[in-house]
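To keep things clear, I will list the structure first and then write my remarks on it.
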Amino acid sequence: MRRLIEPLDTGDPLGPLPQEFAAIMRPELPSLIKEIGMEVTRAYPEYARLLNGPNEQAIRVGVEQSLSSFVDLVAEPSTSTGLRDDMCRRFGRFEAYEGRGMDALQGAYRLGARIALRRAKKVGRSYNFSPTLMLSFADALFAYVDELESLSREGYLEVQAQSDQQGEAMRRRLLHLILAGRPTPRTAIAELCEQTGWALPEQVTLVAVRTPVGVDPADLPRDVLVDLGDPQPHLLVPGPLDEARRDMLDRALTGTRAAIGLTVPTADASDSIRWARRVVELIDSGVVDDTPVVRCEDHLITLWLLSDPALLDQLAERELAPVSGISANRRERLIETLRIWLDTRGTAAQMGELLNVHPQTVRYRMRSLESIFGEQLVDPESRFSTEAVLRALRLRARSEDSTN
């Protein structure tokens with residue numbers, strides 16, 4: 001890379017930066033992003049909390065996008081800024097939802113610009129940048145920051161126009177009270193319903209939103225209560241999920257992963273969100289397949305079987321006690337054969353195909369199982385307990401396999 005002694009001759013001492021300047025700046029981005037993050041969280045403790053919360057990844061992506069977009073524009077002035085613009089507006093919206101003014105976000109932008117300018121001066125000494133080039137850089141950088149602030153203000157004002165800050169705080173409080181369960185005085189909920197104009201429904205459906213959160217409350221109907229700033233973001237949808245509600249959620253959750261709880265009486269709302277969050281845990285552990293929107297109603301048996309890991313250990317110890325003294329390899333083969341038999345009640349030939357062994361081997365194993373377990377395989381209640389344990393253990397094994 002040749003040294004940049006002078007900027008391009010544009011006839012204007014503060015003209016556009018030379019495009020090759022981008023190639024010098026780009027390697028600095030990773031460490032610069034880290035440095036800005038450290039300085040901003042030190043100066044603005046509220047952002048330190050956010051960077052350690054559920055929105056961490058979304059915020060870091062936004063910061064990275066803002067900085068890389070500046071370099072991209074230097075390299076190619078016609079580069080699209082659509083993604084950057086959307087992220088800046090989201091930052092503004094988030095400040096409004098949190099009940100803050102724009103001062104902290106503006107301060108963070110300007111602090112980031114000063115840190116970037118400080119880095120540019122350091123790099124400039126290595127490349128012998130001329131004073132004119134550094135002035136051009138500073139001029140372009142702070143004009144760019146003005147643009148970021150303007151975009152964020154658009155998002156901020158958009159939220160303010162929809163609802164005042166006090167109303168949003170009361171709606172979050174109402175959601176928290178509903179999820180607190182039956183001990184909460186009904187009068188407190190009734191008062192908040194009256195103050196916010198929210199009609200208390202007979203049934204509700206809770207939705208656990210997985211991070212990073214990509215839901216924009218502006219895309220949701222006003223009767224949907226939301227708390228996206230919670231460490232476990234969630235929504236409350238009044239009533240059951242009929243076709244119209246499902247379509248609404250699908251649109252609002254586009255690009256966001258979520259688990260939809262069961263529809264329950266409003267007094268039992270905490271059960272709906274608890275099941276939805278448990279499904280999220282099962283997705284993260286590899287037990288439930290990861291799809292954009294997962295519905296609890298499709299995984300009720302799995303939720304039940306894995307609801308109490310300690311109890312499952314006790315049941316497994318009891319139900320599989322007959323094979324506890326057998327060598328590990330033989331025990332594993334017998335248990336797998338037993339599981340296939342309980343699942344299929346198939347013939348030796350059918351089971352052999354599933355186990356990839358000869359039918360005669362299946363018959364031998366089944367005779368061994370009948371001898372070992374005896375009446376446990378004949379009595380309906382005992383057989384059901386054994387089958388439930390084996391299914392639960394198989395589900396848990398999927399979780400363990402996914403973490404290895």
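Scheme for the structure tokens: letters A, B, ... for chains in order shown; per-chain residue numbers from 1; ligand numbers from 1 in order shown.
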Find the spatial neighbours of Val215 (chain A), counting only C-alpha atoms, within a cut-off of 12 Å - ignore same-chain residues fewer than 3 positions away - and output them as JSON, numbers by chain. {"A": [55, 58, 90, 93, 94, 207, 208, 209, 210, 211, 212, 218, 219, 220, 226, 227, 228, 229, 233, 234, 235, 249, 250, 251, 252, 253, 254, 255, 256, 257, 258]}
Residue among A:Gly325, A:Pro231, A:Pro217, A:Gly261 lying closest to Leu300 (chain A), counting only C-alpha atoms: A:Gly261
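Of the listed residues A:Thr302, A:Asn329, A:Thr81, A:Ser272, the one whose atoms come nearest to Ala388 (chain A) is A:Thr302, with distances taken using only C-alpha atoms.
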Select from region 72-137 of chain A everything DSSP, run on the backbone, classes as alpha helix (DSSP H), then give the selection as JSON, numbers by chain. {"A": [72, 73, 74, 75, 82, 83, 84, 85, 86, 87, 88, 89, 90, 91, 92, 93, 94, 95, 96, 97, 103, 104, 105, 106, 107, 108, 109, 110, 111, 112, 113, 114, 115, 116, 117, 118, 119, 120, 121, 122, 123, 124, 125, 126, 127, 131, 132, 133, 134, 135, 136, 137]}
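For region 20-34 of chain A, the residues within 8 Å (counting only C-alpha atoms, excluding itself and residues fewer than 5 positions away along the chain) are Val63, Glu64, Leu67, Ser68, Val71, Asp72, Val74, Ala75, Ala116, Arg119 and Ala120 of chain A.
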Would you export the selected residues with N, CA and C atoms as a short mmCIF file (atom, residue, chain, number, x, y, z; two decimals), in the first residue's frame, please?
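Generated output (again05.cif):
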```cif
data_model
loop_
_atom_site.label_atom_id
_atom_site.label_comp_id
_atom_site.auth_asym_id
_atom_site.auth_seq_id
_atom_site.Cartn_x
_atom_site.Cartn_y
_atom_site.Cartn_z
N VAL A 63 -23.74 -1.35 16.16
CA VAL A 63 -22.51 -0.56 16.24
C VAL A 63 -21.56 -0.93 15.11
N GLU A 64 -21.41 -2.23 14.89
CA GLU A 64 -20.53 -2.69 13.82
C GLU A 64 -21.02 -2.20 12.46
N LEU A 67 -20.21 1.59 11.89
CA LEU A 67 -18.81 1.88 11.58
C LEU A 67 -18.40 1.34 10.22
N SER A 68 -18.80 0.10 9.93
CA SER A 68 -18.41 -0.48 8.65
C SER A 68 -19.07 0.24 7.49
N VAL A 71 -16.91 3.16 6.36
CA VAL A 71 -15.79 2.71 5.53
C VAL A 71 -16.27 2.31 4.14
N ASP A 72 -17.42 1.62 4.09
CA ASP A 72 -17.98 1.21 2.79
C ASP A 72 -18.29 2.42 1.91
N VAL A 74 -16.79 5.31 2.01
CA VAL A 74 -15.53 5.88 1.52
C VAL A 74 -15.04 5.09 0.31
N ALA A 75 -15.14 3.75 0.42
CA ALA A 75 -14.68 2.90 -0.69
C ALA A 75 -15.56 3.04 -1.91
N ALA A 116 -12.82 7.30 17.18
CA ALA A 116 -12.42 6.97 15.81
C ALA A 116 -11.43 7.99 15.28
N ARG A 119 -8.07 7.33 16.77
CA ARG A 119 -7.42 6.20 16.10
C ARG A 119 -6.88 6.64 14.74
N ALA A 120 -7.64 7.45 14.00
CA ALA A 120 -7.19 7.90 12.68
C ALA A 120 -5.92 8.72 12.78
#
```
For Arg84 (chain A), please output as a ChimeraX atom specification all residues within 10 Å (counting only C-alpha atoms; exclusion window: fewer than 2 positions along the same chain). /A:61-70,80-82,86-90,148,151
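What separates CA of Leu377 (chain A) from CA of Glu319 (chain A) is a distance of 10.6 Å.
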Which parts of region 71-295 of chain A does DSSP call strand (DSSP E) when run on the backbone here, written out as a ChimeraX atom specification? /A:203-209,225-227,234-238,258-265,293-295
Name the closest residue to Ser385 (chain A) among the candidates A:Gln19, A:Ser152, A:Thr205, A:Gln314; distances are taken between atoms, counting only C-alpha atoms. A:Gln314
I'd like the neighbourhood of Tyr109 (chain A) as a PyMOL selection string, where a residue qualifies if any of its atoms comes within 10 Å (using only C-alpha atoms), though same-chain residues fewer than 4 positions away should be ignored. chain A and resi 36+40+63+66+103-105+113-114+142+145-146+148-149
So that I have them on file, write out the residues from the current selection with all heavy atoms, as a short mmCIF file (atom, residue, chain, number, x, y, z; two decimals), in the first residue's frame.
```cif
data_model
loop_
_atom_site.label_atom_id
_atom_site.label_comp_id
_atom_site.auth_asym_id
_atom_site.auth_seq_id
_atom_site.Cartn_x
_atom_site.Cartn_y
_atom_site.Cartn_z
N ILE A 36 -14.46 1.32 21.27
CA ILE A 36 -15.63 2.19 21.41
C ILE A 36 -16.62 1.59 22.40
O ILE A 36 -17.20 2.29 23.24
CB ILE A 36 -16.28 2.43 20.03
CG1 ILE A 36 -15.40 3.34 19.18
CG2 ILE A 36 -17.67 3.05 20.19
CD1 ILE A 36 -15.90 3.54 17.77
N VAL A 40 -17.74 3.65 25.66
CA VAL A 40 -19.14 4.06 25.75
C VAL A 40 -19.80 3.49 27.01
O VAL A 40 -20.53 4.18 27.71
CB VAL A 40 -19.92 3.65 24.49
CG1 VAL A 40 -21.44 3.77 24.71
CG2 VAL A 40 -19.51 4.50 23.29
N VAL A 63 -23.74 -1.35 16.16
CA VAL A 63 -22.51 -0.56 16.24
C VAL A 63 -21.56 -0.93 15.11
O VAL A 63 -20.98 -0.06 14.44
CB VAL A 63 -21.83 -0.77 17.61
CG1 VAL A 63 -20.47 -0.09 17.65
CG2 VAL A 63 -22.72 -0.25 18.73
N SER A 66 -22.81 0.48 11.81
CA SER A 66 -22.62 1.92 11.69
C SER A 66 -21.20 2.27 11.29
O SER A 66 -20.96 3.13 10.44
CB SER A 66 -22.98 2.61 13.01
OG SER A 66 -24.33 2.40 13.34
N ASP A 103 -30.33 12.30 24.68
CA ASP A 103 -29.02 12.83 25.05
C ASP A 103 -27.96 11.74 25.16
O ASP A 103 -26.82 11.91 24.68
CB ASP A 103 -29.12 13.58 26.38
CG ASP A 103 -29.94 14.86 26.26
OD1 ASP A 103 -30.18 15.28 25.11
OD2 ASP A 103 -30.33 15.43 27.30
N ALA A 104 -28.30 10.63 25.81
CA ALA A 104 -27.31 9.57 26.01
C ALA A 104 -26.88 8.97 24.68
O ALA A 104 -25.69 8.74 24.44
CB ALA A 104 -27.88 8.48 26.92
N LEU A 105 -27.84 8.71 23.79
CA LEU A 105 -27.49 8.12 22.49
C LEU A 105 -26.65 9.08 21.66
O LEU A 105 -25.67 8.68 21.04
CB LEU A 105 -28.76 7.74 21.75
CG LEU A 105 -28.58 7.02 20.41
CD1 LEU A 105 -27.76 5.74 20.59
CD2 LEU A 105 -29.93 6.69 19.78
N ALA A 113 -17.25 8.87 17.73
CA ALA A 113 -16.57 9.63 16.68
C ALA A 113 -15.23 10.14 17.17
O ALA A 113 -14.23 10.11 16.44
CB ALA A 113 -17.45 10.78 16.22
N ARG A 114 -15.19 10.61 18.42
CA ARG A 114 -13.91 11.11 18.94
C ARG A 114 -12.88 9.99 19.06
O ARG A 114 -11.68 10.19 18.78
CB ARG A 114 -14.14 11.77 20.31
CG ARG A 114 -14.94 13.06 20.25
CD ARG A 114 -14.78 13.88 21.53
NE ARG A 114 -15.28 13.18 22.69
CZ ARG A 114 -16.55 13.23 23.11
NH1 ARG A 114 -17.44 13.93 22.42
NH2 ARG A 114 -16.93 12.59 24.20
N PHE A 142 -17.70 13.58 11.31
CA PHE A 142 -18.73 14.23 12.13
C PHE A 142 -19.99 14.54 11.33
O PHE A 142 -21.09 14.57 11.90
CB PHE A 142 -18.15 15.49 12.79
CG PHE A 142 -17.26 15.16 13.96
CD1 PHE A 142 -15.87 15.17 13.83
CD2 PHE A 142 -17.80 14.79 15.18
CE1 PHE A 142 -15.06 14.83 14.90
CE2 PHE A 142 -16.99 14.45 16.26
CZ PHE A 142 -15.61 14.46 16.12
N VAL A 145 -21.77 11.27 11.62
CA VAL A 145 -22.40 11.12 12.94
C VAL A 145 -23.69 11.93 13.01
O VAL A 145 -24.69 11.48 13.58
CB VAL A 145 -21.42 11.52 14.05
CG1 VAL A 145 -22.16 11.66 15.40
CG2 VAL A 145 -20.31 10.49 14.18
N ASP A 146 -23.68 13.13 12.43
CA ASP A 146 -24.91 13.93 12.38
C ASP A 146 -26.02 13.16 11.68
O ASP A 146 -27.20 13.21 12.08
CB ASP A 146 -24.66 15.25 11.66
CG ASP A 146 -23.85 16.23 12.50
OD1 ASP A 146 -23.76 16.03 13.73
OD2 ASP A 146 -23.29 17.18 11.91
N LEU A 148 -26.28 9.83 11.48
CA LEU A 148 -26.73 8.74 12.38
C LEU A 148 -27.69 9.28 13.43
O LEU A 148 -28.71 8.65 13.74
CB LEU A 148 -25.52 8.09 13.06
CG LEU A 148 -24.46 7.43 12.19
CD1 LEU A 148 -23.41 6.75 13.07
CD2 LEU A 148 -25.06 6.44 11.21
N GLU A 149 -27.36 10.41 14.02
CA GLU A 149 -28.23 11.00 15.04
C GLU A 149 -29.60 11.34 14.45
O GLU A 149 -30.63 11.12 15.09
CB GLU A 149 -27.59 12.26 15.60
CG GLU A 149 -26.36 12.00 16.47
CD GLU A 149 -25.77 13.29 17.01
OE1 GLU A 149 -26.45 14.34 16.94
OE2 GLU A 149 -24.63 13.25 17.50
#
```
Non-local contacts of region 334-347 of chain A (12 Å; only C-alpha atoms; under 6 positions in same chain excluded) as a ChimeraX atom specification: /A:316,319-324,326-328,353-373,376-378,380,382-394
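The smallest atom-to-atom distance between Arg153 (chain A) and any of A:Asp284, A:Asp85, A:Glu297, A:Glu35, using only C-alpha atoms, is found for A:Asp85.
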Would you pick out the contacts of Arg186 (chain A) at 12 Å or less, using only C-alpha atoms, so that residues sharing its chain but fewer than 6 positions from it are not included, and give the list as a PyMOL selection string? chain A and resi 174+177-178+180+192-193+200+266-267
